[in-house]
Amino acid sequence: MLNTPLGRYRLLAYIVGTFLIVLFFVGIPLQAWAHNDFVAKYIGILHGFLYLVYLVACLELVLRFRLHVVRFLLMAAAGFVPFLSFVMERKTTSYLQAREHRLQSTPVAASAPTD
Amino acid sequence: MAPEPGRLCGSSSTSIRDESAGAPLRAVLYAGTVERVFRTAIRLRWLPRHVLLIVLVTTLSLLGRWQWDVSESQRGGLQNLLYAFQWWFMAAMVIYGWARLLHDAAHPKAPAATNTIPVPTASGSDGERWTRRRSTSELIDAQLATGDSASAAAGESDDELAAYNDYLARLNQRAERAH
């Protein structure tokens with residue numbers, strides 16, 4: 001899973017998404033109503049660093065496969081919007097798989113127009 | 001120059017860019033690299049990316065500086081110091097992405113562009129959901145990368161190869177003028 005840019009991106013999307021859900025639905029309520037800062041503070045720092053690693057993985061994937069900048073912005077936003085990382089992981093994976101399948105089934109030279 | 005026996009039977013590797021016989025090959029390749037990157041960078045379509053680079057790097061660096069100052073103040077602490085380094089790391093990532101894009105645009109046949117999904121072609125772009133206009137030079141690059149130049153260089157004479165290279169250069173010039 002860690003051998004390809006897509007695999008690294010997918011793994012980090014799951015990890016960051018899970019940390020974000022813990023932060024949002026455990027840490028923030030504890031901080032707001034129980035006045036217990038512990039979870040919010042340390043999960044927050046951990047999420048901050050994992051988010052940077054996740055951004056590196058996103059950048060690598062986007063540069064390698066020449067994905068659109070809107071997709072990159074959505075992938076970056078998925079690191080701090082709860083549940084969005086799981087949605088974007090599914091969408092990007094299925095998009096890349098469909099693209100690879102299409103490239104393998106059709107000859108590449110025939111698709112390039114002759115100006 | 002007297003023809004070598006290897007050239008006649010066509011078994012030796014025909015290098016497209018092999019005119020300078022005496023110069024060290026590495027120096028020639030390096031000079032070509034700098035020139036190609038520079039030529040790509042001064043194209044008009046790269047201007048917004050340069051502006052974006054400067055704006056983003058300046059903003060991110062100043063944000064890091066701000067957190068650095070907070071960390072040294074009374075209310076700040078170790079967490080703000082870590083935030084400062086995170087902002088600066090993001091600035092470095094922006095520079096890396098810019099350099100990588102520039103390098104790949106200047107070297108269409110670089111190994112980074114050919115992967116599991118082989119070549120960025122018209123059908124291979126991320127264009128169904130968010131459409132992006134593909135330039136003519138990119139399409140030509142894609143044609144080149146799929147092996148048109150390799151098949152041309154395989155069994156033909158050097159004259160035909162030179163004519164083909166001239167043709168490609170003219171195509172490239174026309175594509176660059178179109179922008």
# chains A, B, ... in the order shown; residues from 1 in each chain; ligands from 1
call {"tool": "closest_atom_pairs", "arguments": {"of": "chain A", "to": "chain B", "cutoff": "6 Å", "atoms": "only C-alpha atoms", "output": "JSON lines"}}
result
{"residue": "A:Leu67", "atom": "CA", "partner": "B:Asp126", "partner_atom": "CA", "distance": 5.3}
{"residue": "A:His68", "atom": "CA", "partner": "B:Asp126", "partner_atom": "CA", "distance": 5.6}
{"residue": "A:Glu100", "atom": "CA", "partner": "B:Ile117", "partner_atom": "CA", "distance": 5.6}
call {"tool": "residues_around", "arguments": {"residues": "Leu11 (chain A)", "least_positions_apart": "5", "cutoff": "10 Å", "atoms": "only C-alpha atoms", "output": "PyMOL selection string"}}
result
chain A and resi 1-2+6+16-17+54+57+89
call {"tool": "residues_around", "arguments": {"residues": "Val53 (chain A)", "least_positions_apart": "6", "cutoff": "10 Å", "atoms": "only C-alpha atoms", "output": "PyMOL selection string"}}
result
chain A and resi 8-9+12+16+47+59
call {"tool": "write_last_selection", "arguments": {"atoms": "N, CA and C atoms", "output": "JSON list (two decimals), in the first residue's frame"}}
result
[["chain", "number", "residue", "atom", "x", "y", "z"],
["A", 8, "ARG", "N", -0.05, 5.60, -0.76],
["A", 8, "ARG", "CA", 0.34, 6.48, 0.36],
["A", 8, "ARG", "C", -0.75, 7.49, 0.64],
["A", 9, "TYR", "N", -1.30, 8.06, -0.45],
["A", 9, "TYR", "CA", -2.37, 9.05, -0.26],
["A", 9, "TYR", "C", -3.58, 8.43, 0.43],
["A", 12, "LEU", "N", -2.93, 7.74, 4.21],
["A", 12, "LEU", "CA", -2.90, 8.97, 5.00],
["A", 12, "LEU", "C", -4.28, 9.61, 5.07],
["A", 16, "VAL", "N", -5.72, 10.54, 8.65],
["A", 16, "VAL", "CA", -6.06, 11.93, 8.95],
["A", 16, "VAL", "C", -7.55, 12.08, 9.18],
["A", 47, "HIS", "N", -2.72, 15.85, 14.78],
["A", 47, "HIS", "CA", -3.41, 16.03, 13.50],
["A", 47, "HIS", "C", -2.70, 17.08, 12.65],
["A", 59, "LEU", "N", 0.28, 16.21, -2.75],
["A", 59, "LEU", "CA", 1.08, 16.93, -3.74],
["A", 59, "LEU", "C", 1.79, 15.95, -4.66]]
call {"tool": "atom_distance", "arguments": {"atom1": "CA of Ile45 (chain A)", "atom2": "CA of Gly27 (chain A)"}}
result
11.9 Å
call {"tool": "residues_around", "arguments": {"residues": "region 32-43 of chain A", "least_positions_apart": "4", "cutoff": "10 Å", "atoms": "only C-alpha atoms", "output": "PDB file with N, CA and C atoms, in the first residue's frame"}}
result
ATOM      1  N   PHE A  19      -8.364  10.780  12.685  1.00  0.00           N
ATOM      2  CA  PHE A  19      -7.936  11.730  13.715  1.00  0.00           C
ATOM      3  C   PHE A  19      -8.855  12.939  13.762  1.00  0.00           C
ATOM      4  N   LEU A  20      -9.278  13.395  12.582  1.00  0.00           N
ATOM      5  CA  LEU A  20     -10.133  14.578  12.528  1.00  0.00           C
ATOM      6  C   LEU A  20     -11.480  14.305  13.171  1.00  0.00           C
ATOM      7  N   VAL A  22     -12.064  12.079  15.555  1.00  0.00           N
ATOM      8  CA  VAL A  22     -11.838  12.036  17.001  1.00  0.00           C
ATOM      9  C   VAL A  22     -11.742  13.453  17.551  1.00  0.00           C
ATOM     10  N   LEU A  23     -11.018  14.305  16.832  1.00  0.00           N
ATOM     11  CA  LEU A  23     -10.828  15.687  17.286  1.00  0.00           C
ATOM     12  C   LEU A  23     -12.164  16.430  17.350  1.00  0.00           C
ATOM     13  N   PHE A  24     -12.989  16.229  16.305  1.00  0.00           N
ATOM     14  CA  PHE A  24     -14.223  17.002  16.222  1.00  0.00           C
ATOM     15  C   PHE A  24     -15.293  16.479  17.167  1.00  0.00           C
ATOM     16  N   PHE A  25     -15.398  15.149  17.285  1.00  0.00           N
ATOM     17  CA  PHE A  25     -16.552  14.593  17.993  1.00  0.00           C
ATOM     18  C   PHE A  25     -16.205  14.076  19.379  1.00  0.00           C
ATOM     19  N   VAL A  26     -14.918  14.112  19.762  1.00  0.00           N
ATOM     20  CA  VAL A  26     -14.544  13.790  21.135  1.00  0.00           C
ATOM     21  C   VAL A  26     -13.845  14.984  21.767  1.00  0.00           C
ATOM     22  N   GLY A  27     -12.817  15.488  21.080  1.00  0.00           N
ATOM     23  CA  GLY A  27     -11.985  16.539  21.666  1.00  0.00           C
ATOM     24  C   GLY A  27     -12.718  17.847  21.883  1.00  0.00           C
ATOM     25  N   ILE A  28     -13.413  18.314  20.846  1.00  0.00           N
ATOM     26  CA  ILE A  28     -14.076  19.620  20.948  1.00  0.00           C
ATOM     27  C   ILE A  28     -15.219  19.590  21.974  1.00  0.00           C
ATOM     28  N   HIS A  47      -2.721  15.848  14.783  1.00  0.00           N
ATOM     29  CA  HIS A  47      -3.409  16.033  13.503  1.00  0.00           C
ATOM     30  C   HIS A  47      -2.697  17.080  12.651  1.00  0.00           C
ATOM     31  N   GLY A  48      -2.164  18.114  13.311  1.00  0.00           N
ATOM     32  CA  GLY A  48      -1.451  19.142  12.574  1.00  0.00           C
ATOM     33  C   GLY A  48      -0.268  18.581  11.807  1.00  0.00           C
TER      34      GLY A  48
ATOM     35  N   GLN B  79       3.815  25.120  21.346  1.00  0.00           N
ATOM     36  CA  GLN B  79       2.870  24.837  20.261  1.00  0.00           C
ATOM     37  C   GLN B  79       2.985  25.872  19.146  1.00  0.00           C
TER      38      GLN B  79
END
call {"tool": "decode", "arguments": {"residues": "region 3-44 of chain A", "atoms": "N, CA and C atoms", "output": "CSV table (one decimal), in the first residue's frame"}}
result
chain,number,residue,atom,x,y,z
A,3,ASN,N,3.7,1.5,-1.6
A,3,ASN,CA,4.6,1.5,-2.7
A,3,ASN,C,4.3,2.5,-3.8
A,4,THR,N,3.0,2.9,-3.9
A,4,THR,CA,2.6,3.9,-4.9
A,4,THR,C,2.2,5.2,-4.3
A,5,PRO,N,2.2,6.3,-5.1
A,5,PRO,CA,1.7,7.5,-4.5
A,5,PRO,C,0.2,7.4,-4.2
A,6,LEU,N,-0.6,6.7,-5.0
A,6,LEU,CA,-2.0,6.5,-4.6
A,6,LEU,C,-2.2,5.8,-3.3
A,7,GLY,N,-1.3,4.7,-3.1
A,7,GLY,CA,-1.5,4.0,-1.8
A,7,GLY,C,-1.1,4.8,-0.6
A,8,ARG,N,0.0,5.6,-0.8
A,8,ARG,CA,0.3,6.5,0.4
A,8,ARG,C,-0.8,7.5,0.6
A,9,TYR,N,-1.3,8.1,-0.4
A,9,TYR,CA,-2.4,9.0,-0.3
A,9,TYR,C,-3.6,8.4,0.4
A,10,ARG,N,-4.0,7.2,0.0
A,10,ARG,CA,-5.1,6.6,0.6
A,10,ARG,C,-4.9,6.3,2.1
A,11,LEU,N,-3.8,5.7,2.4
A,11,LEU,CA,-3.5,5.4,3.8
A,11,LEU,C,-3.6,6.7,4.7
A,12,LEU,N,-2.9,7.7,4.2
A,12,LEU,CA,-2.9,9.0,5.0
A,12,LEU,C,-4.3,9.6,5.1
A,13,ALA,N,-5.1,9.5,4.0
A,13,ALA,CA,-6.4,10.0,4.0
A,13,ALA,C,-7.2,9.3,5.1
A,14,TYR,N,-7.1,8.0,5.2
A,14,TYR,CA,-7.8,7.3,6.3
A,14,TYR,C,-7.4,7.7,7.7
A,15,ILE,N,-6.0,7.8,7.8
A,15,ILE,CA,-5.5,8.2,9.2
A,15,ILE,C,-5.9,9.6,9.6
A,16,VAL,N,-5.7,10.5,8.6
A,16,VAL,CA,-6.1,11.9,9.0
A,16,VAL,C,-7.6,12.1,9.2
A,17,GLY,N,-8.4,11.4,8.4
A,17,GLY,CA,-9.8,11.5,8.5
A,17,GLY,C,-10.2,10.9,9.9
A,18,THR,N,-9.6,9.8,10.3
A,18,THR,CA,-10.0,9.3,11.6
A,18,THR,C,-9.6,10.2,12.8
A,19,PHE,N,-8.4,10.8,12.7
A,19,PHE,CA,-7.9,11.7,13.7
A,19,PHE,C,-8.9,12.9,13.8
A,20,LEU,N,-9.3,13.4,12.6
A,20,LEU,CA,-10.1,14.6,12.5
A,20,LEU,C,-11.5,14.3,13.2
A,21,ILE,N,-12.0,13.1,13.0
A,21,ILE,CA,-13.3,12.8,13.6
A,21,ILE,C,-13.2,12.7,15.1
A,22,VAL,N,-12.1,12.1,15.6
A,22,VAL,CA,-11.8,12.0,17.0
A,22,VAL,C,-11.7,13.5,17.6
A,23,LEU,N,-11.0,14.3,16.8
A,23,LEU,CA,-10.8,15.7,17.3
A,23,LEU,C,-12.2,16.4,17.4
A,24,PHE,N,-13.0,16.2,16.3
A,24,PHE,CA,-14.2,17.0,16.2
A,24,PHE,C,-15.3,16.5,17.2
A,25,PHE,N,-15.4,15.1,17.3
A,25,PHE,CA,-16.6,14.6,18.0
A,25,PHE,C,-16.2,14.1,19.4
A,26,VAL,N,-14.9,14.1,19.8
A,26,VAL,CA,-14.5,13.8,21.1
A,26,VAL,C,-13.8,15.0,21.8
A,27,GLY,N,-12.8,15.5,21.1
A,27,GLY,CA,-12.0,16.5,21.7
A,27,GLY,C,-12.7,17.8,21.9
A,28,ILE,N,-13.4,18.3,20.8
A,28,ILE,CA,-14.1,19.6,20.9
A,28,ILE,C,-15.2,19.6,22.0
A,29,PRO,N,-16.1,18.6,22.0
A,29,PRO,CA,-17.1,18.5,23.0
A,29,PRO,C,-16.6,18.5,24.4
A,30,LEU,N,-15.5,17.7,24.6
A,30,LEU,CA,-14.9,17.6,25.9
A,30,LEU,C,-14.4,19.0,26.4
A,31,GLN,N,-13.8,19.7,25.4
A,31,GLN,CA,-13.2,21.0,25.7
A,31,GLN,C,-14.3,22.0,26.0
A,32,ALA,N,-15.4,21.9,25.2
A,32,ALA,CA,-16.5,22.9,25.4
A,32,ALA,C,-17.3,22.7,26.6
A,33,TRP,N,-17.7,21.4,26.9
A,33,TRP,CA,-18.7,21.2,28.0
A,33,TRP,C,-18.0,20.6,29.2
A,34,ALA,N,-17.0,19.8,29.1
A,34,ALA,CA,-16.4,19.2,30.3
A,34,ALA,C,-15.1,20.0,30.7
A,35,HIS,N,-14.7,21.0,29.9
A,35,HIS,CA,-13.5,21.8,30.2
A,35,HIS,C,-12.3,20.9,30.4
A,36,ASN,N,-12.2,19.9,29.5
A,36,ASN,CA,-11.1,19.0,29.5
A,36,ASN,C,-10.3,19.2,28.2
A,37,ASP,N,-9.1,19.9,28.3
A,37,ASP,CA,-8.4,20.3,27.1
A,37,ASP,C,-7.5,19.2,26.6
A,38,PHE,N,-7.4,18.1,27.3
A,38,PHE,CA,-6.3,17.2,27.0
A,38,PHE,C,-6.4,16.6,25.6
A,39,VAL,N,-7.6,16.0,25.3
A,39,VAL,CA,-7.8,15.4,24.0
A,39,VAL,C,-7.6,16.4,22.8
A,40,ALA,N,-8.3,17.5,23.0
A,40,ALA,CA,-8.3,18.5,21.9
A,40,ALA,C,-6.9,19.0,21.7
A,41,LYS,N,-6.1,19.2,22.7
A,41,LYS,CA,-4.7,19.8,22.5
A,41,LYS,C,-3.8,18.8,21.8
A,42,TYR,N,-3.7,17.5,22.4
A,42,TYR,CA,-2.7,16.6,21.9
A,42,TYR,C,-3.1,16.0,20.6
A,43,ILE,N,-4.4,15.6,20.4
A,43,ILE,CA,-4.9,15.2,19.1
A,43,ILE,C,-4.7,16.3,18.1
A,44,GLY,N,-5.0,17.5,18.5
A,44,GLY,CA,-4.8,18.6,17.6
A,44,GLY,C,-3.4,18.8,17.1
